>>> print(open('my_file_29.tsv').read())   # TSV, C-alpha atoms and all ligand atoms
chain	number	residue	atom	x	y	z
E	1	ASP	CA	58.11	111.76	121.43
E	2	TRP	CA	56.98	108.83	119.27
E	3	THR	CA	54.72	110.90	116.99
E	4	MET	CA	57.63	113.14	116.03
E	5	ALA	CA	59.94	110.15	115.58
E	6	ALA	CA	57.35	108.69	113.21
E	7	TYR	CA	56.87	112.03	111.46
E	8	ARG	CA	60.62	112.34	111.02
E	9	ALA	CA	60.92	108.91	109.40
E	10	GLU	CA	57.95	109.56	107.13
E	11	ALA	CA	59.19	113.02	106.12
E	12	ILE	CA	62.62	111.63	105.28
E	13	ALA	CA	61.11	108.93	103.09
E	14	LYS	CA	58.98	111.55	101.32
E	15	ILE	CA	61.93	113.84	100.69
E	16	ARG	CA	63.96	110.94	99.23
E	17	ALA	CA	61.06	109.97	96.99
E	18	GLN	CA	60.57	113.53	95.77
E	19	VAL	CA	64.20	114.46	95.26
E	20	GLY	CA	65.69	111.22	93.96
E	21	SER	CA	69.25	111.96	92.94
E	22	GLY	CA	68.51	115.68	92.39
E	23	ARG	CA	70.29	118.64	93.95
E	24	VAL	CA	68.56	120.82	96.54
E	25	ILE	CA	69.21	124.38	97.64
E	26	CYS	CA	67.78	125.40	101.01
E	27	GLY	CA	67.38	128.99	102.10
E	28	LEU	CA	68.32	129.47	105.76
E	29	SER	CA	66.85	132.49	107.50
E	30	GLY	CA	68.31	131.91	110.95
E	31	GLY	CA	64.88	130.95	112.20
E	32	VAL	CA	63.74	127.63	113.58
E	33	ASP	CA	61.68	126.60	110.55
E	34	SER	CA	64.35	126.77	107.89
E	35	ALA	CA	66.90	125.21	110.25
E	36	VAL	CA	64.64	122.25	110.99
E	37	ALA	CA	63.89	121.87	107.27
E	38	ALA	CA	67.61	121.93	106.47
E	39	VAL	CA	68.59	119.37	109.10
E	40	LEU	CA	65.74	117.08	108.05
E	41	ILE	CA	66.61	117.31	104.37
E	42	HIS	CA	70.28	116.80	105.14
E	43	GLU	CA	69.40	113.65	107.01
E	44	ALA	CA	67.41	112.48	104.00
E	45	ILE	CA	69.80	113.28	101.15
E	46	GLY	CA	73.15	114.25	102.66
E	47	ASP	CA	75.39	116.35	100.45
E	48	GLN	CA	72.85	116.61	97.66
E	49	LEU	CA	71.81	119.58	99.86
E	50	THR	CA	73.44	123.01	99.85
E	51	CYS	CA	72.26	125.63	102.34
E	52	VAL	CA	72.27	129.30	101.44
E	53	PHE	CA	72.09	132.03	104.05
E	54	VAL	CA	71.27	135.39	102.51
E	55	ASP	CA	72.21	138.44	104.54
E	56	HIS	CA	69.85	140.99	103.02
E	57	GLY	CA	70.90	143.76	105.39
E	58	LEU	CA	67.56	143.47	107.17
E	59	LEU	CA	68.65	141.23	110.02
E	60	ARG	CA	68.83	141.88	113.74
E	61	LEU	CA	72.03	142.91	115.47
E	62	GLY	CA	74.63	140.13	115.37
E	63	GLU	CA	72.23	137.71	113.69
E	64	ALA	CA	74.24	136.85	110.59
E	65	GLU	CA	77.30	135.89	112.65
E	66	ARG	CA	75.16	133.81	115.01
E	67	VAL	CA	73.56	131.78	112.24
E	68	VAL	CA	76.71	131.14	110.26
E	69	THR	CA	78.62	130.10	113.38
E	70	LEU	CA	75.86	127.78	114.56
E	71	PHE	CA	75.59	126.02	111.24
E	72	ARG	CA	79.27	125.78	110.45
E	73	ASP	CA	80.22	124.66	113.95
E	74	SER	CA	77.35	122.38	114.88
E	75	TYR	CA	76.55	120.71	111.59
E	76	ASN	CA	78.46	119.33	108.71
E	77	ILE	CA	76.12	120.97	106.27
E	78	PRO	CA	77.73	123.00	103.48
E	79	LEU	CA	76.67	126.62	103.95
E	80	VAL	CA	77.01	129.48	101.51
E	81	HIS	CA	76.88	132.92	103.13
E	82	VAL	CA	75.71	135.53	100.61
E	83	GLU	CA	76.28	139.20	101.44
E	84	ALA	CA	73.44	140.87	99.58
E	85	GLU	CA	72.81	144.03	101.58
E	86	GLU	CA	73.70	146.34	98.69
E	87	LEU	CA	71.36	144.55	96.31
E	88	PHE	CA	68.36	144.46	98.65
E	89	LEU	CA	68.65	147.99	100.00
E	90	LYS	CA	69.14	149.42	96.51
E	91	GLU	CA	66.01	147.72	95.20
E	92	LEU	CA	64.04	148.80	98.26
E	93	GLU	CA	64.98	152.46	97.87
E	94	GLY	CA	61.86	154.59	97.82
E	95	VAL	CA	59.55	151.62	98.43
E	96	THR	CA	56.94	152.35	101.11
E	97	ASP	CA	54.05	150.01	100.32
E	98	PRO	CA	54.17	146.89	102.54
E	99	GLU	CA	53.14	144.48	99.79
E	100	VAL	CA	55.64	145.97	97.35
E	101	LYS	CA	58.34	145.56	100.01
E	102	ARG	CA	57.40	141.91	100.53
E	103	LYS	CA	57.22	141.14	96.82
E	104	THR	CA	60.50	142.91	96.08
E	105	ILE	CA	62.26	140.95	98.81
E	106	GLY	CA	60.68	137.67	97.68
E	107	ARG	CA	61.82	138.29	94.10
E	108	LEU	CA	65.38	139.12	95.19
E	109	PHE	CA	65.59	135.99	97.34
E	110	ILE	CA	64.69	133.94	94.26
E	111	ASP	CA	67.30	135.78	92.17
E	112	VAL	CA	69.98	135.06	94.76
E	113	PHE	CA	69.01	131.39	95.09
E	114	GLU	CA	69.04	131.06	91.29
E	115	ALA	CA	72.50	132.59	91.09
E	116	GLU	CA	73.79	130.31	93.85
E	117	ALA	CA	72.24	127.28	92.17
E	118	LYS	CA	74.09	128.16	88.98
E	119	LYS	CA	77.37	128.33	90.90
E	120	ILE	CA	77.03	124.75	92.09
E	121	GLY	CA	76.20	123.55	88.60
E	122	GLY	CA	72.44	123.80	88.91
E	123	ALA	CA	69.84	122.70	91.45
E	124	ASP	CA	66.60	120.85	90.83
E	125	PHE	CA	64.81	121.87	94.03
E	126	LEU	CA	64.48	124.84	96.33
E	127	ALA	CA	63.69	123.89	99.94
E	128	GLN	CA	61.84	126.17	102.32
E	129	GLY	CA	60.60	125.94	105.90
E	130	THR	CA	57.06	126.92	105.02
E	131	LEU	CA	54.56	126.09	107.80
E	132	TYR	CA	50.85	125.43	107.63
E	133	PRO	CA	49.85	128.86	108.99
E	134	ASP	CA	52.04	130.56	106.32
E	135	VAL	CA	50.11	128.68	103.67
E	136	ILE	CA	46.70	129.57	105.10
E	137	GLU	CA	47.41	133.23	105.79
E	138	SER	CA	48.83	133.85	102.35
E	139	VAL	CA	45.78	132.33	100.73
E	140	SER	CA	42.74	133.60	102.51
E	141	PHE	CA	41.35	135.17	105.62
E	142	THR	CA	39.15	132.64	107.38
E	143	GLY	CA	35.62	133.78	107.92
E	144	GLY	CA	35.82	136.64	105.45
E	145	PRO	CA	36.15	137.14	101.75
E	146	SER	CA	39.12	135.44	100.14
E	147	VAL	CA	41.72	138.14	100.43
E	148	THR	CA	45.51	138.11	100.85
E	149	ILE	CA	46.50	139.70	104.12
E	150	LYS	CA	50.23	139.50	103.56
E	151	SER	CA	52.34	137.83	100.93
E	152	HIS	CA	54.73	135.70	102.92
E	153	HIS	CA	57.83	135.70	100.81
E	154	ASN	CA	58.34	131.97	101.19
E	155	VAL	CA	54.94	131.00	99.85
E	156	GLY	CA	53.25	131.52	96.54
E	157	GLY	CA	55.37	129.26	94.39
E	158	LEU	CA	58.22	129.98	92.06
E	159	PRO	CA	58.27	131.94	88.83
E	160	GLU	CA	57.27	129.93	85.74
E	161	ARG	CA	60.62	130.39	84.04
E	162	MET	CA	62.42	128.59	86.87
E	163	ASN	CA	63.32	124.97	86.57
E	164	MET	CA	63.43	124.40	90.31
E	165	LYS	CA	60.62	122.71	92.17
E	166	LEU	CA	59.76	123.38	95.80
E	167	VAL	CA	60.54	121.03	98.69
E	168	GLU	CA	58.53	122.04	101.76
E	169	PRO	CA	58.70	119.25	104.36
E	170	LEU	CA	57.04	121.32	107.12
E	171	ARG	CA	54.03	122.44	105.14
E	172	GLU	CA	51.58	120.48	107.30
E	173	LEU	CA	53.03	121.53	110.66
E	174	PHE	CA	52.30	124.22	113.21
E	175	LYS	CA	55.08	126.00	115.06
E	176	ASP	CA	54.89	123.92	118.23
E	177	GLU	CA	55.19	120.77	116.10
E	178	VAL	CA	58.21	122.15	114.25
E	179	ARG	CA	59.85	122.83	117.61
E	180	ALA	CA	59.10	119.26	118.71
E	181	LEU	CA	60.58	117.98	115.45
E	182	GLY	CA	63.65	120.19	115.97
E	183	ARG	CA	64.16	118.65	119.41
E	184	GLU	CA	63.69	115.20	117.90
E	185	LEU	CA	66.44	116.07	115.40
E	186	GLY	CA	68.72	117.16	118.22
E	187	LEU	CA	68.80	120.91	117.61
E	188	PRO	CA	69.97	122.85	120.69
E	189	GLU	CA	67.14	123.95	123.01
E	190	GLY	CA	68.23	127.59	122.89
E	191	PHE	CA	67.79	127.49	119.14
E	192	VAL	CA	64.53	125.56	119.03
E	193	GLY	CA	62.95	128.03	121.46
E	194	ARG	CA	63.80	131.13	119.44
E	195	HIS	CA	61.08	133.59	118.61
E	196	PRO	CA	59.95	133.55	114.98
E	197	PHE	CA	61.58	136.11	112.69
E	198	PRO	CA	59.97	136.99	109.35
E	199	GLY	CA	61.83	136.49	106.06
E	200	PRO	CA	61.46	140.17	105.05
E	201	GLY	CA	63.13	140.99	108.36
E	202	LEU	CA	63.43	144.55	109.59
E	203	ALA	CA	61.96	145.87	106.33
E	204	ILE	CA	58.48	145.19	107.70
E	205	ARG	CA	59.38	146.65	111.11
E	206	CYS	CA	60.32	149.95	109.56
E	207	PRO	CA	57.06	151.34	108.12
E	208	GLY	CA	57.68	153.77	105.28
E	209	GLU	CA	60.93	154.06	103.40
E	210	ILE	CA	63.83	151.92	104.60
E	211	THR	CA	67.18	153.61	105.03
E	212	ARG	CA	70.44	152.40	106.52
E	213	GLU	CA	70.15	155.07	109.19
E	214	LYS	CA	66.70	153.86	110.27
E	215	LEU	CA	67.79	150.24	110.23
E	216	ALA	CA	70.76	151.06	112.47
E	217	ILE	CA	68.51	152.90	114.96
E	218	LEU	CA	65.96	150.07	114.94
E	219	ARG	CA	68.63	147.40	115.52
E	220	GLN	CA	69.90	149.13	118.64
E	221	ALA	CA	66.45	149.65	120.15
E	222	ASP	CA	65.44	146.08	119.35
E	223	ALA	CA	68.60	144.66	120.95
E	224	ILE	CA	68.02	146.61	124.19
E	225	TYR	CA	64.39	145.47	124.33
E	226	LEU	CA	65.28	141.80	123.83
E	227	GLU	CA	68.14	142.04	126.32
E	228	GLU	CA	65.75	143.36	128.98
E	229	ILE	CA	63.20	140.66	128.18
E	230	ARG	CA	65.85	137.96	128.65
E	231	ARG	CA	67.16	139.58	131.80
E	232	ALA	CA	63.63	139.62	133.26
E	233	GLY	CA	63.29	135.91	132.44
E	234	LEU	CA	60.34	136.55	130.13
E	235	TYR	CA	61.71	135.35	126.78
E	236	ASP	CA	60.12	131.91	126.88
E	237	ALA	CA	56.75	133.23	128.06
E	238	ILE	CA	56.50	135.38	124.94
E	239	TRP	CA	55.77	134.16	121.40
E	240	GLN	CA	57.48	137.07	119.74
E	241	ALA	CA	58.85	140.45	120.80
E	242	PHE	CA	60.42	143.18	118.69
E	243	ALA	CA	60.78	146.89	118.19
E	244	VAL	CA	59.25	148.86	115.32
E	245	LEU	CA	60.65	152.20	114.17
E	246	LEU	CA	57.85	154.57	113.22
E	247	PRO	CA	58.33	157.01	110.33
E	248	VAL	CA	57.24	159.85	112.60
E	249	ARG	CA	59.26	162.31	114.60
E	250	THR	CA	58.04	164.01	117.72
E	251	VAL	CA	59.31	166.75	119.97
E	252	GLY	CA	61.02	165.96	123.24
E	253	VAL	CA	63.43	167.45	125.72
E	254	MET	CA	66.84	166.11	126.78
E	255	GLY	CA	68.51	168.19	129.49
E	256	ASP	CA	68.25	171.77	128.25
E	257	TYR	CA	67.73	170.80	124.65
E	258	ARG	CA	64.77	170.31	122.41
E	259	THR	CA	64.87	167.03	120.50
E	260	TYR	CA	62.99	166.06	117.37
E	261	ASP	CA	63.44	162.33	116.86
E	262	TYR	CA	61.74	159.09	115.85
E	263	VAL	CA	59.14	157.15	117.80
E	264	CYS	CA	59.81	153.51	118.64
E	265	ALA	CA	56.93	151.11	119.23
E	266	LEU	CA	57.47	147.93	121.23
E	267	ARG	CA	55.50	144.80	120.41
E	268	ALA	CA	55.22	141.55	122.37
E	269	VAL	CA	52.56	138.89	122.01
E	270	THR	CA	51.61	135.47	123.27
E	271	SER	CA	50.29	132.95	120.76
E	272	VAL	CA	50.10	129.25	120.02
E	273	ASP	CA	50.47	129.29	116.27
E	274	GLY	CA	50.76	132.93	115.20
E	275	MET	CA	47.25	132.91	113.75
E	276	THR	CA	45.78	134.69	116.74
E	277	ALA	CA	47.68	136.54	119.44
E	278	ASP	CA	47.29	138.59	122.61
E	279	PHE	CA	49.51	141.48	123.56
E	280	TYR	CA	51.82	140.59	126.45
E	281	PRO	CA	50.86	142.25	129.77
E	282	PHE	CA	54.25	143.58	130.91
E	283	ASP	CA	54.25	145.45	134.15
E	284	MET	CA	54.66	149.18	133.79
E	285	ALA	CA	57.97	149.23	135.67
E	286	PHE	CA	59.46	146.90	133.05
E	287	LEU	CA	58.19	149.03	130.16
E	288	GLY	CA	59.45	152.19	131.85
E	289	ARG	CA	62.89	150.65	132.24
E	290	VAL	CA	63.08	149.64	128.59
E	291	ALA	CA	61.85	153.05	127.41
E	292	THR	CA	64.41	154.87	129.55
E	293	ARG	CA	67.26	152.71	128.25
E	294	ILE	CA	66.23	153.09	124.62
E	295	ILE	CA	65.87	156.85	124.84
E	296	ASN	CA	69.13	157.26	126.74
E	297	GLU	CA	71.18	154.86	124.66
E	298	VAL	CA	69.82	155.12	121.11
E	299	ARG	CA	70.43	158.34	119.24
E	300	GLY	CA	67.49	159.11	117.03
E	301	ILE	CA	64.67	157.92	119.29
E	302	ASN	CA	63.06	160.21	121.88
E	303	ARG	CA	59.72	158.49	122.49
E	304	VAL	CA	58.67	154.88	123.12
E	305	THR	CA	55.15	153.42	122.98
E	306	TYR	CA	53.81	149.93	123.70
E	307	ASP	CA	51.44	148.25	121.24
E	308	VAL	CA	48.39	146.84	123.06
E	309	THR	CA	46.65	145.45	119.96
E	310	SER	CA	45.79	141.78	119.80
E	311	LYS	CA	45.38	139.68	116.63
E	312	PRO	CA	42.80	140.00	115.28
E	313	PRO	CA	42.19	142.87	114.68
E	314	GLY	CA	45.90	143.69	114.47
E	315	THR	CA	48.47	141.43	112.89
E	316	ILE	CA	51.65	140.57	114.77
E	317	GLU	CA	53.96	142.44	112.40
E	318	TRP	CA	53.09	146.02	111.53
E	319	GLU	CA	53.29	145.46	107.78
D	1	LIG	P1	51.34	138.38	111.06
D	1	LIG	O1	52.04	139.70	111.00
D	1	LIG	O2	50.79	137.95	109.72
D	1	LIG	O3	52.46	137.33	111.41
D	1	LIG	O4	50.31	138.32	112.15
D	1	LIG	C1	52.21	135.99	111.77
D	1	LIG	C2	53.54	135.32	111.96
D	1	LIG	O5	54.19	135.17	110.70
D	1	LIG	C3	55.44	135.86	110.68
D	1	LIG	N1	55.60	136.45	109.35
D	1	LIG	C4	56.39	135.96	108.38
D	1	LIG	N2	57.24	134.93	108.36
D	1	LIG	N3	57.80	135.43	106.12
D	1	LIG	C5	57.96	134.68	107.23
D	1	LIG	O6	58.78	133.77	107.20
D	1	LIG	C6	56.98	136.47	106.05
D	1	LIG	O7	56.86	137.14	105.03
D	1	LIG	C7	56.23	136.76	107.25
D	1	LIG	N4	55.32	137.72	107.56
D	1	LIG	C8	54.96	137.51	108.86
D	1	LIG	C9	55.34	136.87	111.80
D	1	LIG	O8	56.63	137.27	112.27
D	1	LIG	C10	54.52	136.13	112.81
D	1	LIG	O9	55.30	135.21	113.54
>>> encode(input="my_file_29.tsv", output="structure tokens", more="lines below")
Ligand code: XMP
Amino acid sequence: DWTMAAYRAEAIAKIRAQVGSGRVICGLSGGVDSAVAAVLIHEAIGDQLTCVFVDHGLLRLGEAERVVTLFRDSYNIPLVHVEAEELFLKELEGVTDPEVKRKTIGRLFIDVFEAEAKKIGGADFLAQGTLYPDVIESVSFTGGPSVTIKSHHNVGGLPERMNMKLVEPLRELFKDEVRALGRELGLPEGFVGRHPFPGPGLAIRCPGEITREKLAILRQADAIYLEEIRRAGLYDAIWQAFAVLLPVRTVGVMGDYRTYDYVCALRAVTSVDGMTADFYPFDMAFLGRVATRIINEVRGINRVTYDVTSKPPGTIEWE
């Protein structure tokens, strides 16, 4: 695609001009955006770049291993893997407000990046895979009063006291363009086609207080749901699909026993850019199959619902 080839060359020139001989730290989330940003920046400045993957304990099942393996095996990009579960979960204890969750996580990410920068003798820039819709949605709600809907952790600048400046080479792109750029850069198709995953991770798919127990339950339900979606050949037809663990317990019956367990909500949407979305019209047999598996296989869930809200008025994530 010649437009992406041209964009690539232009972006590389811009990164070189901005960074000069400076050092850059790039946060990898495991998603497409940060991976494309990292590969692009690496092409521009080589080993002036260090990538940092923060495992905040809020990732999907098996995700940390997948990301680290992909990057270490497929690219010659230095990657630091930070195990920060303790830190994040401790700070999130007792936090229930969605914006406080997001801001807490954003602040901790910065702390971790700062600490990692120090370890490599300082960094002048922090790189992020911020996209155009992230910028818009964190700033205002089109058509209404200027109000923040959600604070995306990777937008909103850096604290004053920090000496690092931001490098955001994807800031003008939409998701489909980032995927095209990823292909242009030679990223594997299976990776480029991945569903988006938010920086705050499972924290915003676990309304109410986050506990290790709830995260473990959510991970299992989510993995079963995604496995069934792949098995049905629907993964690529869907923009994003995930499970949400509700902070509500309901009564059920298993064999001769009364159960009193959590409710799991399933979400799947189609979208072009994440700014608007429609719920995905699964057939009922598929939903029934997923619900049965989750209830039979995941201890702690005894009821499954499907979210049929589009965006607007809903948002894609629940928090
Ligand atoms: P919403 O929930 O605002 O989500 O309709 C739109 C898209 O953005 C993703 N999202 C995030 N991505 N950091 C991210 O990197 C965030 O804080 C964040 N919040 C939402 C969401 O998964 C969806 O694709």
>>> residues_near_ligand(input="my_file_29.tsv", ligand="ligand LIG 1 (chain D)", cutoff="10 Å", atoms="only C-alpha atoms and all ligand atoms", output="JSON, numbers by chain")
{"E": [29, 31, 33, 34, 99, 101, 102, 103, 105, 106, 128, 129, 130, 131, 133, 134, 137, 138, 149, 150, 151, 152, 153, 154, 155, 175, 195, 196, 197, 198, 199, 200, 201, 204, 205, 239, 240, 241, 242, 269, 271, 273, 274, 275, 276, 277, 310, 311, 312, 313, 314, 315, 316, 317, 318, 319]}
>>> write_last_selection(input="my_file_29.tsv", atoms="C-alpha atoms", output="short mmCIF file (atom, residue, chain, number, x, y, z; two decimals), in the frame of the given file")
data_model
loop_
_atom_site.label_atom_id
_atom_site.label_comp_id
_atom_site.auth_asym_id
_atom_site.auth_seq_id
_atom_site.Cartn_x
_atom_site.Cartn_y
_atom_site.Cartn_z
CA SER E 29 66.85 132.49 107.50
CA GLY E 31 64.88 130.95 112.20
CA ASP E 33 61.68 126.60 110.55
CA SER E 34 64.35 126.77 107.89
CA GLU E 99 53.14 144.48 99.79
CA LYS E 101 58.34 145.56 100.01
CA ARG E 102 57.40 141.91 100.53
CA LYS E 103 57.22 141.14 96.82
CA ILE E 105 62.26 140.95 98.81
CA GLY E 106 60.68 137.67 97.68
CA GLN E 128 61.84 126.17 102.32
CA GLY E 129 60.60 125.94 105.90
CA THR E 130 57.06 126.92 105.02
CA LEU E 131 54.56 126.09 107.80
CA PRO E 133 49.85 128.86 108.99
CA ASP E 134 52.04 130.56 106.32
CA GLU E 137 47.41 133.23 105.79
CA SER E 138 48.83 133.85 102.35
CA ILE E 149 46.50 139.70 104.12
CA LYS E 150 50.23 139.50 103.56
CA SER E 151 52.34 137.83 100.93
CA HIS E 152 54.73 135.70 102.92
CA HIS E 153 57.83 135.70 100.81
CA ASN E 154 58.34 131.97 101.19
CA VAL E 155 54.94 131.00 99.85
CA LYS E 175 55.08 126.00 115.06
CA HIS E 195 61.08 133.59 118.61
CA PRO E 196 59.95 133.55 114.98
CA PHE E 197 61.58 136.11 112.69
CA PRO E 198 59.97 136.99 109.35
CA GLY E 199 61.83 136.49 106.06
CA PRO E 200 61.46 140.17 105.05
CA GLY E 201 63.13 140.99 108.36
CA ILE E 204 58.48 145.19 107.70
CA ARG E 205 59.38 146.65 111.11
CA TRP E 239 55.77 134.16 121.40
CA GLN E 240 57.48 137.07 119.74
CA ALA E 241 58.85 140.45 120.80
CA PHE E 242 60.42 143.18 118.69
CA VAL E 269 52.56 138.89 122.01
CA SER E 271 50.29 132.95 120.76
CA ASP E 273 50.47 129.29 116.27
CA GLY E 274 50.76 132.93 115.20
CA MET E 275 47.25 132.91 113.75
CA THR E 276 45.78 134.69 116.74
CA ALA E 277 47.68 136.54 119.44
CA SER E 310 45.79 141.78 119.80
CA LYS E 311 45.38 139.68 116.63
CA PRO E 312 42.80 140.00 115.28
CA PRO E 313 42.19 142.87 114.68
CA GLY E 314 45.90 143.69 114.47
CA THR E 315 48.47 141.43 112.89
CA ILE E 316 51.65 140.57 114.77
CA GLU E 317 53.96 142.44 112.40
CA TRP E 318 53.09 146.02 111.53
CA GLU E 319 53.29 145.46 107.78
#
>>> residues_near_point(input="my_file_29.tsv", point="(46.6, 140.1, 126.0)", cutoff="9 Å", atoms="all atoms listed in the file", output="list in words")
Val269, Thr270, Ala277, Asp278, Phe279, Tyr280, Pro281, Val308, Thr309 and Ser310 of chain E
>>> closest_atom_pairs(input="my_file_29.tsv", of="range 43-124 of chain E", to="range 221-227 of chain E", cutoff="12 Å", atoms="only C-alpha atoms", output="CSV")
residue,atom,partner,partner_atom,distance
E:Leu59,CA,E:Asp222,CA,11.0
E:Arg60,CA,E:Ala223,CA,7.7
E:Leu61,CA,E:Ala223,CA,6.7
E:Gly62,CA,E:Ala223,CA,9.4
E:Glu63,CA,E:Ala223,CA,10.7
>>> closest_residue(input="my_file_29.tsv", among="E:Tyr235, E:Ala44, E:Val80, E:Val192", to="Ala115 in chain E", atoms="all atoms listed in the file")
E:Val80
>>> closest_residue(input="my_file_29.tsv", among="E:Ile301, E:Val272, E:Leu187, E:Leu58", to="Ile217 in chain E", atoms="only C-alpha atoms")
E:Ile301
>>> atom_distance(input="my_file_29.tsv", atom1="CA of Thr50 in chain E", atom2="CA of Asp111 in chain E")
16.1 Å
>>> atom_distance(input="my_file_29.tsv", atom1="CA of Cys26 in chain E", atom2="CA of Ala64 in chain E")
16.3 Å
>>> atom_distance(input="my_file_29.tsv", atom1="CA of Arg219 in chain E", atom2="CA of Leu245 in chain E")
9.4 Å
>>> residues_around(input="my_file_29.tsv", residues="Val304 in chain E", least_positions_apart="6", cutoff="7 Å", atoms="all atoms listed in the file", output="VMD selection string")
chain E and resid 263 to 265 291
>>> closest_residue(input="my_file_29.tsv", among="E:Pro247, E:Gly288, E:Gly182, E:Gly122", to="Tyr262 in chain E", atoms="all atoms listed in the file")
E:Pro247
>>> closest_residue(input="my_file_29.tsv", among="E:Val248, E:Ile41, E:Ile294, E:Val67", to="Ile12 in chain E", atoms="all atoms listed in the file")
E:Ile41
>>> decode(input="my_file_29.tsv", residues="range 213-233 of chain E", atoms="N, CA and C atoms", output="PDB file, in the first residue's frame")
ATOM      1  N   GLU E 213      -9.164 -12.593  43.587  1.00  0.00           N
ATOM      2  CA  GLU E 213     -10.163 -13.636  43.370  1.00  0.00           C
ATOM      3  C   GLU E 213     -11.038 -13.286  42.162  1.00  0.00           C
ATOM      4  N   LYS E 214     -11.534 -12.055  42.130  1.00  0.00           N
ATOM      5  CA  LYS E 214     -12.389 -11.642  41.011  1.00  0.00           C
ATOM      6  C   LYS E 214     -11.631 -11.658  39.689  1.00  0.00           C
ATOM      7  N   LEU E 215     -10.384 -11.219  39.727  1.00  0.00           N
ATOM      8  CA  LEU E 215      -9.590 -11.217  38.493  1.00  0.00           C
ATOM      9  C   LEU E 215      -9.399 -12.639  37.969  1.00  0.00           C
ATOM     10  N   ALA E 216      -9.187 -13.579  38.876  1.00  0.00           N
ATOM     11  CA  ALA E 216      -8.980 -14.972  38.470  1.00  0.00           C
ATOM     12  C   ALA E 216     -10.253 -15.528  37.846  1.00  0.00           C
ATOM     13  N   ILE E 217     -11.405 -15.212  38.425  1.00  0.00           N
ATOM     14  CA  ILE E 217     -12.689 -15.677  37.883  1.00  0.00           C
ATOM     15  C   ILE E 217     -12.913 -15.071  36.497  1.00  0.00           C
ATOM     16  N   LEU E 218     -12.676 -13.758  36.404  1.00  0.00           N
ATOM     17  CA  LEU E 218     -12.889 -13.056  35.140  1.00  0.00           C
ATOM     18  C   LEU E 218     -12.002 -13.615  34.021  1.00  0.00           C
ATOM     19  N   ARG E 219     -10.732 -13.871  34.353  1.00  0.00           N
ATOM     20  CA  ARG E 219      -9.797 -14.407  33.347  1.00  0.00           C
ATOM     21  C   ARG E 219     -10.290 -15.709  32.747  1.00  0.00           C
ATOM     22  N   GLN E 220     -10.812 -16.589  33.606  1.00  0.00           N
ATOM     23  CA  GLN E 220     -11.273 -17.886  33.105  1.00  0.00           C
ATOM     24  C   GLN E 220     -12.487 -17.721  32.195  1.00  0.00           C
ATOM     25  N   ALA E 221     -13.446 -16.910  32.616  1.00  0.00           N
ATOM     26  CA  ALA E 221     -14.656 -16.723  31.816  1.00  0.00           C
ATOM     27  C   ALA E 221     -14.305 -16.096  30.468  1.00  0.00           C
ATOM     28  N   ASP E 222     -13.438 -15.096  30.515  1.00  0.00           N
ATOM     29  CA  ASP E 222     -13.016 -14.385  29.314  1.00  0.00           C
ATOM     30  C   ASP E 222     -12.316 -15.332  28.328  1.00  0.00           C
ATOM     31  N   ALA E 223     -11.475 -16.205  28.852  1.00  0.00           N
ATOM     32  CA  ALA E 223     -10.734 -17.139  27.993  1.00  0.00           C
ATOM     33  C   ALA E 223     -11.685 -18.118  27.300  1.00  0.00           C
ATOM     34  N   ILE E 224     -12.700 -18.589  28.019  1.00  0.00           N
ATOM     35  CA  ILE E 224     -13.681 -19.517  27.428  1.00  0.00           C
ATOM     36  C   ILE E 224     -14.460 -18.803  26.322  1.00  0.00           C
ATOM     37  N   TYR E 225     -14.875 -17.589  26.602  1.00  0.00           N
ATOM     38  CA  TYR E 225     -15.646 -16.796  25.634  1.00  0.00           C
ATOM     39  C   TYR E 225     -14.840 -16.588  24.343  1.00  0.00           C
ATOM     40  N   LEU E 226     -13.595 -16.152  24.496  1.00  0.00           N
ATOM     41  CA  LEU E 226     -12.755 -15.909  23.312  1.00  0.00           C
ATOM     42  C   LEU E 226     -12.442 -17.206  22.561  1.00  0.00           C
ATOM     43  N   GLU E 227     -12.269 -18.286  23.309  1.00  0.00           N
ATOM     44  CA  GLU E 227     -12.008 -19.575  22.665  1.00  0.00           C
ATOM     45  C   GLU E 227     -13.199 -19.974  21.795  1.00  0.00           C
ATOM     46  N   GLU E 228     -14.405 -19.796  22.318  1.00  0.00           N
ATOM     47  CA  GLU E 228     -15.607 -20.147  21.548  1.00  0.00           C
ATOM     48  C   GLU E 228     -15.783 -19.233  20.338  1.00  0.00           C
ATOM     49  N   ILE E 229     -15.431 -17.974  20.496  1.00  0.00           N
ATOM     50  CA  ILE E 229     -15.529 -17.036  19.368  1.00  0.00           C
ATOM     51  C   ILE E 229     -14.578 -17.460  18.248  1.00  0.00           C
ATOM     52  N   ARG E 230     -13.365 -17.826  18.623  1.00  0.00           N
ATOM     53  CA  ARG E 230     -12.390 -18.287  17.619  1.00  0.00           C
ATOM     54  C   ARG E 230     -12.862 -19.570  16.967  1.00  0.00           C
ATOM     55  N   ARG E 231     -13.345 -20.481  17.795  1.00  0.00           N
ATOM     56  CA  ARG E 231     -13.789 -21.780  17.282  1.00  0.00           C
ATOM     57  C   ARG E 231     -14.937 -21.606  16.290  1.00  0.00           C
ATOM     58  N   ALA E 232     -15.790 -20.622  16.530  1.00  0.00           N
ATOM     59  CA  ALA E 232     -16.929 -20.376  15.635  1.00  0.00           C
ATOM     60  C   ALA E 232     -16.508 -19.571  14.399  1.00  0.00           C
ATOM     61  N   GLY E 233     -15.235 -19.189  14.342  1.00  0.00           N
ATOM     62  CA  GLY E 233     -14.740 -18.435  13.188  1.00  0.00           C
ATOM     63  C   GLY E 233     -15.226 -16.992  13.170  1.00  0.00           C
TER      64      GLY E 233
END
